[in-house]
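As provided, final_20.txt (compact mmCIF, C-alpha atoms) reads as follows.
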# COMPACT_ATOMS: atom_id res chain seq x y z
CA MET F 17 39.51 243.75 189.97
CA SER F 18 42.17 243.43 187.34
CA ARG F 19 44.09 241.29 189.81
CA VAL F 20 41.12 238.89 190.07
CA ARG F 21 40.74 238.84 186.32
CA TYR F 22 44.41 238.10 185.99
CA LEU F 23 44.15 235.24 188.47
CA LEU F 24 41.15 233.79 186.63
CA TYR F 25 42.13 234.29 183.03
CA GLY F 26 45.82 235.10 183.18
CA ARG F 27 48.39 233.15 181.24
CA SER F 28 49.79 231.66 184.39
CA THR F 29 46.41 230.33 185.55
CA ARG F 30 45.67 228.86 182.16
CA SER F 31 49.07 227.23 182.12
CA TRP F 32 48.50 225.69 185.54
CA ILE F 33 45.12 224.34 184.45
CA ASN F 34 46.69 222.91 181.30
CA PHE F 35 49.45 221.46 183.41
CA LEU F 36 47.06 219.66 185.77
CA VAL F 37 44.63 218.55 183.05
CA THR F 38 47.46 216.95 181.07
CA ILE F 39 48.57 215.04 184.17
CA LEU F 40 45.01 213.87 184.80
CA ILE F 41 44.59 212.72 181.20
CA VAL F 42 47.84 210.76 181.26
CA LEU F 43 46.88 209.30 184.64
CA GLY F 44 43.56 208.25 183.10
CA ILE F 45 45.32 206.53 180.21
CA ALA F 46 47.69 204.83 182.66
CA ILE F 47 44.84 203.53 184.81
CA SER F 48 42.81 202.27 181.87
CA THR F 49 45.83 200.48 180.43
CA GLU F 50 46.34 198.83 183.79
CA VAL F 51 42.70 197.78 183.95
CA ILE F 52 42.78 196.39 180.41
CA SER F 53 45.99 194.51 181.11
CA PHE F 54 44.18 192.72 183.92
CA THR F 55 41.66 191.16 181.59
CA TYR F 56 44.00 190.22 178.78
CA ASN F 57 46.93 188.68 180.50
CA LYS F 58 49.33 185.86 179.93
CA ARG F 59 51.13 183.97 182.64
CA PHE F 60 54.42 182.17 182.33
CA ASP F 61 55.16 179.76 185.11
CA LEU F 62 58.92 179.27 184.86
CA THR F 63 59.32 177.11 187.94
CA ALA F 64 60.65 173.64 187.25
CA GLU F 65 57.70 171.89 188.88
CA LYS F 66 55.02 174.28 187.54
CA ARG F 67 54.16 175.07 191.11
CA TYR F 68 52.05 178.14 190.46
CA THR F 69 49.76 176.72 187.83
CA ILE F 70 46.48 175.37 189.07
CA SER F 71 45.64 171.82 188.13
CA ASP F 72 43.48 171.12 185.09
CA GLN F 73 41.01 169.43 187.36
CA LEU F 74 40.36 172.52 189.47
CA LYS F 75 40.30 174.71 186.40
CA LYS F 76 37.70 172.45 184.77
CA ILE F 77 35.57 172.42 187.89
CA LEU F 78 35.73 176.19 188.29
CA ASN F 79 34.88 176.77 184.64
CA SER F 80 31.83 174.55 184.89
CA LEU F 81 30.37 176.63 187.73
CA GLU F 82 27.58 179.08 186.99
CA GLU F 83 28.41 181.49 189.77
CA ARG F 84 31.43 182.50 191.75
CA VAL F 85 32.53 180.29 194.56
CA ASN F 86 33.64 182.07 197.70
CA VAL F 87 36.40 180.64 199.86
CA ILE F 88 36.43 182.05 203.39
CA VAL F 89 39.49 181.23 205.44
CA PHE F 90 39.79 181.79 209.18
CA TYR F 91 43.50 181.99 209.73
CA GLN F 92 45.80 182.22 212.70
CA SER F 93 47.44 185.64 212.79
CA GLY F 94 50.78 185.51 211.03
CA GLU F 95 49.56 183.10 208.38
CA ARG F 96 47.80 185.75 206.37
CA MET F 97 50.51 186.47 203.81
CA GLU F 98 51.11 182.82 203.06
CA LEU F 99 47.42 182.03 202.56
CA HIS F 100 46.92 185.19 200.62
CA ASP F 101 49.73 184.26 198.22
CA PHE F 102 48.41 180.76 197.87
CA LEU F 103 44.81 181.70 197.15
CA ARG F 104 45.66 184.60 194.94
CA GLN F 105 47.17 182.30 192.33
CA PHE F 106 43.77 180.62 192.05
CA SER F 107 41.80 183.82 191.75
CA TYR F 108 44.37 185.09 189.24
CA GLN F 109 43.74 182.13 187.00
CA SER F 110 40.01 181.85 187.32
CA GLN F 111 37.43 184.59 187.69
CA LYS F 112 35.12 182.03 189.28
CA LEU F 113 36.96 181.87 192.56
CA GLN F 114 37.16 184.60 195.12
CA TYR F 115 38.40 184.45 198.65
CA GLU F 116 38.22 186.27 201.94
CA LEU F 117 40.63 186.01 204.82
CA PHE F 118 39.65 186.57 208.43
CA ASP F 119 41.75 186.46 211.55
CA LEU F 120 39.90 183.92 213.68
CA ASP F 121 40.75 185.71 216.92
CA ARG F 122 39.63 189.09 215.66
CA ASN F 123 36.38 187.94 214.05
CA PRO F 124 34.70 185.69 216.61
CA ALA F 125 31.17 186.67 215.52
CA LYS F 126 31.82 185.78 211.92
CA ALA F 127 33.45 182.52 212.93
CA ARG F 128 30.44 181.60 215.09
CA LYS F 129 28.14 182.26 212.16
CA TYR F 130 29.92 179.56 210.15
CA GLY F 131 30.58 177.33 213.13
CA ILE F 132 34.36 177.68 212.90
CA THR F 133 36.40 176.77 215.96
CA ASN F 134 39.87 175.89 214.69
CA TYR F 135 42.60 177.88 213.00
CA GLY F 136 42.80 177.33 209.27
CA GLU F 137 39.27 176.06 208.94
CA THR F 138 37.75 177.20 205.70
CA VAL F 139 34.22 177.67 204.45
CA ILE F 140 33.42 177.18 200.80
CA GLU F 141 30.32 179.06 199.80
CA TYR F 142 28.42 178.54 196.58
CA LYS F 143 24.86 179.55 195.80
CA GLY F 144 23.99 179.85 199.48
CA LYS F 145 25.31 176.39 200.29
CA THR F 146 28.40 175.93 202.40
CA ALA F 147 30.97 173.24 203.02
CA LYS F 148 33.65 173.23 205.66
CA ILE F 149 37.20 172.00 205.11
CA SER F 150 39.97 171.79 207.66
CA TYR F 151 42.63 173.72 205.71
CA PRO F 152 42.70 175.40 202.29
CA THR F 153 44.80 173.06 200.15
CA GLU F 154 44.07 172.59 196.47
CA GLU F 155 42.82 169.04 196.98
CA LYS F 156 40.54 169.98 199.85
CA ILE F 157 39.12 172.93 197.98
CA ILE F 158 38.29 170.66 195.03
CA ASN F 159 36.58 168.21 197.36
CA GLY F 160 34.68 171.03 199.04
CA ILE F 161 33.41 172.44 195.77
CA LEU F 162 32.40 168.99 194.55
CA LYS F 163 30.56 168.36 197.78
CA ILE F 164 28.38 171.45 197.38
CA THR F 165 27.79 171.23 193.67
CA ARG F 166 26.91 167.57 193.61
CA ILE F 167 23.28 167.25 192.55
CA GLY F 168 21.00 164.85 194.36
CA LYS F 169 21.51 162.96 197.58
CA LYS F 170 24.36 160.71 198.47
CA VAL F 171 23.64 157.02 197.99
CA VAL F 172 24.93 154.65 200.61
CA TYR F 173 25.19 150.96 199.75
CA PHE F 174 25.10 148.09 202.19
CA LEU F 175 26.20 144.58 201.59
CA LYS F 176 24.08 141.87 203.13
CA GLY F 177 23.51 138.15 203.09
CA HIS F 178 26.89 137.12 204.45
CA GLY F 179 26.11 137.51 208.05
CA GLU F 180 26.84 141.25 208.22
CA ILE F 181 25.02 143.41 210.69
CA SER F 182 22.08 145.09 209.00
CA PRO F 183 22.03 148.89 209.07
CA GLY F 184 18.97 149.20 211.26
CA VAL F 185 20.20 146.94 214.03
CA ARG F 186 22.17 148.23 216.97
CA LYS F 187 24.24 145.60 218.51
CA LEU F 188 26.87 146.11 221.10
CA MET M 16 67.78 210.51 169.67
CA ASN M 17 70.61 212.72 170.71
CA PHE M 18 70.82 211.68 174.33
CA LEU M 19 74.28 210.13 174.15
CA PRO M 20 76.33 213.16 175.31
CA ILE M 21 74.24 213.50 178.48
CA PHE M 22 74.28 209.75 178.95
CA LYS M 23 78.08 209.62 178.76
CA LYS M 24 78.46 212.64 181.00
CA GLU M 25 76.22 211.14 183.70
CA LEU M 26 78.02 207.81 183.59
CA SER M 27 81.42 209.41 183.81
CA LEU M 28 80.16 211.52 186.74
CA TYR M 29 79.22 208.36 188.60
CA PHE M 30 82.64 206.87 188.10
CA SER M 31 84.80 209.97 188.38
CA SER M 32 83.65 210.44 191.95
CA SER M 33 83.85 207.66 194.47
CA ILE M 34 80.03 207.43 194.65
CA ALA M 35 79.78 204.65 192.07
CA PHE M 36 82.37 202.47 193.74
CA VAL M 37 80.98 203.01 197.21
CA ILE M 38 77.47 202.12 196.04
CA ILE M 39 78.71 199.04 194.18
CA ALA M 40 80.77 197.95 197.15
CA ILE M 41 77.93 198.39 199.65
CA PHE M 42 75.45 196.72 197.33
CA LEU M 43 77.64 193.70 196.73
CA ALA M 44 78.65 193.40 200.37
CA LEU M 45 75.05 193.43 201.53
CA SER M 46 73.69 191.18 198.80
CA GLY M 47 76.63 188.83 199.32
CA PHE M 48 75.83 188.62 202.99
CA PHE M 49 72.13 188.03 202.30
CA PHE M 50 72.96 185.42 199.70
CA TYR M 51 75.26 183.61 202.10
CA THR M 52 72.66 183.49 204.85
CA ASP M 53 69.98 182.42 202.38
CA VAL M 54 72.13 179.54 201.15
CA ILE M 55 72.79 178.43 204.72
CA PHE M 56 69.09 178.67 205.45
CA TYR M 57 68.28 176.68 202.33
CA ASN M 58 70.75 173.98 203.29
CA LEU M 59 69.11 173.65 206.67
CA ARG M 60 65.71 173.18 205.12
CA ASN M 61 66.84 171.14 202.15
CA LEU M 62 65.85 167.88 203.82
CA SER M 63 62.24 168.37 202.91
CA GLY M 64 63.14 168.63 199.23
CA VAL M 65 62.28 172.27 198.63
CA SER M 66 63.06 173.53 195.14
CA LEU M 67 65.78 176.15 194.69
CA THR M 68 63.30 178.74 193.47
CA GLN M 69 61.05 178.29 196.43
CA GLY M 70 63.71 177.79 199.03
CA LEU M 71 66.49 180.10 197.92
CA TRP M 72 65.93 182.48 194.99
CA GLN M 73 62.70 183.75 196.41
CA TYR M 74 64.37 184.83 199.64
CA PHE M 75 67.41 186.16 197.85
CA PHE M 76 65.26 188.52 195.76
CA HIS M 77 63.15 189.50 198.74
CA ASP M 78 66.34 190.54 200.54
CA MET M 79 67.68 192.32 197.48
CA ARG M 80 64.68 194.65 197.52
CA TYR M 81 65.86 196.14 200.80
CA ILE M 82 69.21 196.98 199.27
CA LEU M 83 67.47 198.54 196.27
CA LEU M 84 65.43 200.74 198.55
CA LEU M 85 68.57 201.77 200.36
CA THR M 86 70.78 202.52 197.37
CA ILE M 87 68.62 203.69 194.47
CA PRO M 88 67.46 206.99 195.98
CA LEU M 89 71.16 207.81 196.49
CA LEU M 90 71.79 206.98 192.86
CA THR M 91 69.08 209.29 191.56
CA MET M 92 69.15 212.14 194.07
CA ARG M 93 71.68 214.24 192.24
CA LEU M 94 70.39 213.73 188.67
CA PHE M 95 68.57 217.06 188.45
CA ALA M 96 68.95 218.51 191.94
CA GLU M 97 72.67 219.03 191.51
CA GLU M 98 72.26 220.75 188.15
CA VAL M 99 69.71 223.14 189.65
CA LYS M 100 71.87 223.87 192.68
CA MET M 101 74.97 224.53 190.61
CA GLY M 102 73.01 226.55 188.09
CA THR M 103 74.23 224.34 185.27
CA ILE M 104 70.67 223.38 184.42
CA GLU M 105 70.14 226.70 182.63
CA LEU M 106 73.20 225.96 180.58
CA LEU M 107 71.91 222.49 179.85
CA PHE M 108 68.62 223.84 178.57
CA THR M 109 70.34 226.21 176.21
CA TYR M 110 72.05 223.33 174.45
CA PRO M 111 70.46 222.24 171.18
CA ILE M 112 68.99 219.12 172.75
CA ARG M 113 65.40 218.51 173.68
CA ASP M 114 64.14 218.03 177.24
CA ILE M 115 63.31 214.41 176.53
CA GLU M 116 66.88 213.79 175.45
CA ILE M 117 68.22 215.28 178.67
CA LEU M 118 65.83 213.13 180.66
CA MET M 119 66.58 209.93 178.74
CA GLY M 120 70.33 210.53 178.99
CA LYS M 121 70.14 210.87 182.77
CA PHE M 122 67.59 208.11 183.30
CA LEU M 123 69.32 205.57 181.07
CA ALA M 124 72.69 206.30 182.69
CA SER M 125 71.23 205.37 186.09
CA VAL M 126 69.53 202.31 184.63
CA LEU M 127 72.76 201.14 183.03
CA PHE M 128 74.60 201.62 186.29
CA PHE M 129 71.92 199.60 188.02
CA ILE M 130 72.15 196.83 185.39
CA LEU M 131 75.90 196.74 185.96
CA ILE M 132 75.32 196.07 189.67
CA LEU M 133 72.79 193.36 188.86
CA VAL M 134 75.20 191.69 186.47
CA LEU M 135 77.83 191.66 189.22
CA THR M 136 75.39 189.94 191.59
CA LEU M 137 74.93 187.20 188.99
CA SER M 138 78.21 185.82 190.23
CA TYR M 139 76.43 184.41 193.31
CA PRO M 140 74.04 182.08 191.51
CA ILE M 141 76.71 181.20 188.95
CA SER M 142 79.07 180.18 191.74
CA LEU M 143 76.45 177.68 192.83
CA THR M 144 76.69 175.77 189.55
CA VAL M 145 79.81 174.25 191.02
CA ILE M 146 77.74 172.58 193.72
CA TRP M 147 74.39 172.01 192.05
CA LYS M 148 73.76 170.74 188.56
CA SER M 149 70.67 172.82 187.96
CA ILE M 150 70.28 176.28 189.39
CA GLU M 151 66.77 176.59 187.94
CA ALA M 152 67.89 179.28 185.57
CA LYS M 153 64.43 179.95 184.17
CA SER M 154 62.90 181.07 187.43
CA LEU M 155 66.12 182.84 188.29
CA PHE M 156 65.59 184.83 185.11
CA ALA M 157 62.04 185.69 186.19
CA GLY M 158 63.36 186.90 189.54
CA TYR M 159 66.02 189.07 187.94
CA LEU M 160 63.43 190.53 185.59
CA GLY M 161 61.35 191.40 188.63
CA ILE M 162 64.28 193.02 190.43
CA PHE M 163 65.18 194.91 187.27
CA LEU M 164 61.64 196.27 186.85
CA LEU M 165 61.39 197.13 190.54
CA GLY M 166 64.74 198.94 190.52
CA THR M 167 63.94 200.79 187.31
CA SER M 168 60.63 201.92 188.85
CA PHE M 169 62.58 203.24 191.82
CA ILE M 170 64.92 205.06 189.45
CA ALA M 171 62.02 206.64 187.52
CA CYS M 172 60.45 207.81 190.76
CA GLY M 173 63.75 209.12 192.11
CA THR M 174 64.47 210.97 188.86
CA PHE M 175 61.14 212.74 189.10
CA ILE M 176 61.65 213.78 192.70
CA SER M 177 65.16 214.98 191.93
CA SER M 178 63.70 217.32 189.32
CA LEU M 179 61.47 218.96 191.96
CA THR M 180 64.15 220.17 194.30
CA GLU M 181 67.61 221.65 194.34
CA ASN M 182 68.62 219.91 197.53
CA GLN M 183 69.97 216.41 197.12
CA ILE M 184 69.19 215.35 200.67
CA VAL M 185 65.60 216.48 200.22
CA ALA M 186 65.44 214.53 196.95
CA ALA M 187 66.79 211.39 198.60
CA ILE M 188 64.59 211.49 201.69
CA SER M 189 61.46 212.26 199.63
CA THR M 190 62.22 209.35 197.32
CA PHE M 191 62.60 207.11 200.37
CA GLY M 192 59.25 208.37 201.60
CA VAL M 193 57.37 207.77 198.35
CA LEU M 194 58.93 204.36 197.74
CA VAL M 195 58.33 203.14 201.27
CA LEU M 196 54.72 204.26 200.99
CA PHE M 197 54.28 202.41 197.69
CA TRP M 198 56.03 199.48 199.23
CA PHE M 199 54.07 199.14 202.45
CA LEU M 200 50.74 200.26 201.07
CA THR M 201 49.27 196.90 202.00
CA TRP M 202 51.25 196.45 205.19
CA ASN M 203 48.18 196.61 207.38
CA GLU M 204 45.70 195.21 204.94
CA ALA M 205 43.90 193.31 207.66
CA VAL M 206 42.26 196.50 208.88
CA ALA M 207 41.03 197.86 205.53
CA GLU M 208 37.86 197.04 203.62
CA PRO M 209 38.29 194.14 201.16
CA VAL M 210 37.43 196.30 198.10
CA PHE M 211 39.90 198.95 199.17
CA VAL M 212 42.56 196.32 199.81
CA GLY M 213 42.04 195.02 196.27
CA ILE M 214 42.94 198.42 194.84
CA LEU M 215 45.87 198.90 197.20
CA LEU M 216 47.26 195.49 196.35
CA ARG M 217 47.36 196.42 192.71
CA LEU M 218 49.26 199.61 193.46
CA SER M 219 51.81 198.13 195.81
CA LEU M 220 55.24 197.69 194.25
CA PHE M 221 55.91 195.18 197.00
CA ASP M 222 53.02 192.87 196.12
CA ARG M 223 53.38 193.22 192.39
CA SER M 224 56.96 191.94 192.46
CA TYR M 225 56.15 188.73 194.37
CA ASN M 226 55.17 186.76 191.28
CA PHE M 227 58.52 187.34 189.60
CA PHE M 228 60.46 186.23 192.66
CA ARG M 229 58.54 182.98 192.77
CA GLY M 230 59.34 182.27 189.13
CA VAL M 231 56.13 183.43 187.51
CA ILE M 232 56.01 186.14 184.88
CA ASP M 233 52.55 187.62 184.52
CA THR M 234 52.02 190.21 181.80
CA ARG M 235 49.86 192.15 184.27
CA ASP M 236 52.85 192.80 186.51
CA VAL M 237 55.10 193.67 183.58
CA VAL M 238 52.50 196.15 182.34
CA PHE M 239 52.10 197.63 185.82
CA PHE M 240 55.79 198.32 186.25
CA THR M 241 56.09 199.68 182.70
CA ILE M 242 53.21 202.08 183.33
CA PHE M 243 54.72 203.10 186.65
CA ILE M 244 58.07 203.88 185.00
CA LEU M 245 56.56 205.69 182.02
CA PHE M 246 54.24 207.73 184.24
CA PHE M 247 57.05 209.04 186.41
CA LEU M 248 59.17 209.80 183.35
CA PHE M 249 56.22 211.69 181.90
CA LEU M 250 55.81 213.65 185.14
CA THR M 251 59.48 214.60 185.08
CA LEU M 252 59.28 215.77 181.50
CA HIS M 253 56.07 217.63 182.13
CA PHE M 254 57.56 219.35 185.13
CA LEU M 255 60.73 220.31 183.26
CA ASP M 256 58.58 221.70 180.50
CA SER M 257 56.52 223.79 182.93
CA ARG M 258 59.65 225.73 183.86
CA LYS M 259 59.11 227.82 180.71
CA TRP M 260 55.93 229.42 181.98
CA ARG M 261 56.19 228.99 185.74
CA SER M 262 58.58 231.93 185.93
CA LEU M 263 56.08 234.17 184.09
CA ARG M 264 54.30 235.48 187.13

Serialized structure, structure tokens:
Amino acid sequence: MSRVRYLLYGRSTRSWINFLVTILIVLGIAISTEVISFTYNKRFDLTAEKRYTISDQLKKILNSLEERVNVIVFYQSGERMELHDFLRQFSYQSQKLQYELFDLDRNPAKARKYGITNYGETVIEYKGKTAKISYPTEEKIINGILKITRIGKKVVYFLKGHGEISPGVRKL
Amino acid sequence: MNFLPIFKKELSLYFSSSIAFVIIAIFLALSGFFFYTDVIFYNLRNLSGVSLTQGLWQYFFHDMRYILLLTIPLLTMRLFAEEVKMGTIELLFTYPIRDIEILMGKFLASVLFFILILVLTLSYPISLTVIWKSIEAKSLFAGYLGIFLLGTSFIACGTFISSLTENQIVAAISTFGVLVLFWFLTWNEAVAEPVFVGILLRLSLFDRSYNFFRGVIDTRDVVFFTIFILFFLFLTLHFLDSRKWRSLR
């Protein structure tokens, strides 16, 4: 009985509890500091050509969005790291962009859902609407986002009166 | 703080034995070899107009990480383990210096030794100034900062593990184990859930050092490494402190 009491209330037990609690507290502080540092960060792009800074245009477009835009890439195995690095710089610099990477060969069902057949093809998803681009470059992503977010229908103009073929006529 | 005596003793221990010179020699030989192959590789690809940072420094730092992983556990394994084995640790604790001073003396001695190696490797990029006008010093600085933080994290981790055991081999192999785990945490990220991967990515020393190597300094990464270092130093100190009551039972 006294042995049990010793184990429960003894100096050694108390010391061990203190020991572990202190570690947990410090771990808690460490984790919260890390989390806070994620929100309030500064980035210094020291490369000569400012390679890892996203263009003002993309930043402006992303900031104007109401919801997050989701970029889904179906990659060829082996390309994952490269694409991951590339897209991460965007998501680092704007909370409005998130991305998912899928191995096309390993996720055939998912690919079928989006109608993806080629390696590197990318779906841009925003508010339930989707656009497909052939490969995730900055320019293509911008175009994709613009395509979905554009309000209203596309207007197509035809020139006539100079002997052109009118749009309704099929002539071979 | 009164850590200087320990600091000096540790440094002189490195250099009085052949350990320091062997480590420096191996480090420089390997990094020299990597640098040489990276330069050759860069020259082959140079036609497409790749920048130095992207085509050379990045790979150089990536390669340097392997050497860090190989050498740093050997640098830190004896810090505390040897003192425990030889019984000199009791003597050390009776000196009128605080635990934190002992720890800082030992830790900073390893860090300084590591900085010395890094400074020696600077000769590679500097030698390139003969050939190229600009060596993109700014992003080179970012890369070196990354390597420094990575190496110092390794040292902090190794110091902690050395304080847990009296066997140097055990200390070294355990440090290898922990570091490799932290390193390859995201190795197989394709199989994990995306949310889980997000957390792992933030913990992986490997992933967190990428930005530096590419010439980008993000305060998030600096904070992460600083926390990592401080946390392991805290653990060491906490563990040393527990010695006072652990022998009670």

Nearest-residue call for Ser31 in chain F, choices M:Phe48, M:Trp198, M:Phe246, M:Trp260, using only C-alpha atoms: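 The answer is M:Trp260, which sits nearest to Ser31 in chain F.
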
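All of the residues in chain M within 6 Å of chain F are Lys153, Ser154, Gly230, Val231, Ile232, Asp233, Thr234 and Arg235 of chain M, where all atoms listed in the file were counted.
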
CA of Gly158 in chain M to CA of Phe76 in chain M, distance in Å rounded to a single decimal: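 Atom-to-atom, CA of Gly158 in chain M to CA of Phe76 in chain M, that is 6.7 Å.
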
Expressed in Å to a single decimal, how great is the separation between CA of Tyr225 in chain M and CA of Lys121 in chain M? 28.6 Å

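Between CA of Ser189 in chain M and CA of Ile21 in chain M there is a distance of 24.7 Å.
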
Would you mind telling me which residue in M:Ala186, M:Ile141, M:Ala124, M:Ala157 lies nearest to Asn226 in chain M when using all atoms listed in the file?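 Of M:Ala186, M:Ile141, M:Ala124, M:Ala157, the one nearest Asn226 in chain M, counting all atoms listed in the file, is M:Ala157.
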
As a PDB file with C-alpha atoms, keeping the file's coordinate frame, please: the residues near range 164-170 of chain M (cut-off 8 Å, only C-alpha atoms, same-chain neighbours under 3 positions excluded).
ATOM      1  CA  LEU M  83      67.470 198.540 196.270  1.00  0.00           C
ATOM      2  CA  LEU M  84      65.430 200.740 198.550  1.00  0.00           C
ATOM      3  CA  ILE M  87      68.620 203.690 194.470  1.00  0.00           C
ATOM      4  CA  PRO M  88      67.460 206.990 195.980  1.00  0.00           C
ATOM      5  CA  LEU M  90      71.790 206.980 192.860  1.00  0.00           C
ATOM      6  CA  THR M  91      69.080 209.290 191.560  1.00  0.00           C
ATOM      7  CA  PHE M 122      67.590 208.110 183.300  1.00  0.00           C
ATOM      8  CA  SER M 125      71.230 205.370 186.090  1.00  0.00           C
ATOM      9  CA  VAL M 126      69.530 202.310 184.630  1.00  0.00           C
ATOM     10  CA  PHE M 129      71.920 199.600 188.020  1.00  0.00           C
ATOM     11  CA  LEU M 160      63.430 190.530 185.590  1.00  0.00           C
ATOM     12  CA  GLY M 161      61.350 191.400 188.630  1.00  0.00           C
ATOM     13  CA  GLY M 173      63.750 209.120 192.110  1.00  0.00           C
ATOM     14  CA  THR M 174      64.470 210.970 188.860  1.00  0.00           C
ATOM     15  CA  LEU M 194      58.930 204.360 197.740  1.00  0.00           C
ATOM     16  CA  LEU M 220      55.240 197.690 194.250  1.00  0.00           C
ATOM     17  CA  SER M 224      56.960 191.940 192.460  1.00  0.00           C
ATOM     18  CA  VAL M 237      55.100 193.670 183.580  1.00  0.00           C
ATOM     19  CA  PHE M 240      55.790 198.320 186.250  1.00  0.00           C
ATOM     20  CA  THR M 241      56.090 199.680 182.700  1.00  0.00           C
ATOM     21  CA  PHE M 243      54.720 203.100 186.650  1.00  0.00           C
ATOM     22  CA  ILE M 244      58.070 203.880 185.000  1.00  0.00           C
TER      23      ILE M 244
END

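Using only C-alpha atoms, the protein and nucleic acid residues lying no more than 12 Å from Leu196 in chain M, apart from those fewer than 3 places from it along its own chain, are Leu84, Ser189, Thr190, Phe191, Gly192, Val193, Phe199, Leu200, Thr201, Trp202, Asn203, Leu215, Leu218, Ser219, Leu220 and Phe221 of chain M.
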
Using all atoms listed in the file, can you tell me which of F:Val20, F:Ala147, F:Ile161, F:Leu120 comes closest to Lys76 in chain F?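 Once distances to Lys76 in chain F are computed over all atoms listed in the file, the minimum belongs to F:Ile161.
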
Got a sec: who's within 12 Å of Ile117 in chain M, counting all atoms listed in the file, leaving out chain neighbours fewer than 2 positions off, as number ranges by chain? M: 16-25, 94-95, 98, 104, 106-115, 119-124, 174, 178, 248, 251-252, 255-256

Expected file: the selected residues, C-alpha atoms, as a compact mmCIF listing (two decimals), in the frame of the given file:
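Printed below is out-v6.txt as written:
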# COMPACT_ATOMS: atom_id res chain seq x y z
CA MET M 16 67.78 210.51 169.67
CA ASN M 17 70.61 212.72 170.71
CA PHE M 18 70.82 211.68 174.33
CA LEU M 19 74.28 210.13 174.15
CA PRO M 20 76.33 213.16 175.31
CA ILE M 21 74.24 213.50 178.48
CA PHE M 22 74.28 209.75 178.95
CA LYS M 23 78.08 209.62 178.76
CA LYS M 24 78.46 212.64 181.00
CA GLU M 25 76.22 211.14 183.70
CA LEU M 94 70.39 213.73 188.67
CA PHE M 95 68.57 217.06 188.45
CA GLU M 98 72.26 220.75 188.15
CA ILE M 104 70.67 223.38 184.42
CA LEU M 106 73.20 225.96 180.58
CA LEU M 107 71.91 222.49 179.85
CA PHE M 108 68.62 223.84 178.57
CA THR M 109 70.34 226.21 176.21
CA TYR M 110 72.05 223.33 174.45
CA PRO M 111 70.46 222.24 171.18
CA ILE M 112 68.99 219.12 172.75
CA ARG M 113 65.40 218.51 173.68
CA ASP M 114 64.14 218.03 177.24
CA ILE M 115 63.31 214.41 176.53
CA MET M 119 66.58 209.93 178.74
CA GLY M 120 70.33 210.53 178.99
CA LYS M 121 70.14 210.87 182.77
CA PHE M 122 67.59 208.11 183.30
CA LEU M 123 69.32 205.57 181.07
CA ALA M 124 72.69 206.30 182.69
CA THR M 174 64.47 210.97 188.86
CA SER M 178 63.70 217.32 189.32
CA LEU M 248 59.17 209.80 183.35
CA THR M 251 59.48 214.60 185.08
CA LEU M 252 59.28 215.77 181.50
CA LEU M 255 60.73 220.31 183.26
CA ASP M 256 58.58 221.70 180.50

The residues within 8 Å of (38.1, 180.3, 211.3), using all atoms listed in the file and the coordinates of the file, should be reported as a list in words; which are they?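 Collected hits near the coordinates: Val89, Phe90, Tyr91, Phe118, Asp119, Leu120, Ala127, Ile132, Thr133, Asn134, Tyr135, Gly136, Glu137 and Thr138 of chain F.
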
Give me the residues near Asp53 in chain M as a list in words, where near means some atom within 9 Å (using only C-alpha atoms) and where sequence neighbours in that chain fewer than 6 positions away do not count.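 After dropping sequence-adjacent residues, the list is Gly70, Leu71, Trp72, Tyr74 and Phe75 of chain M.
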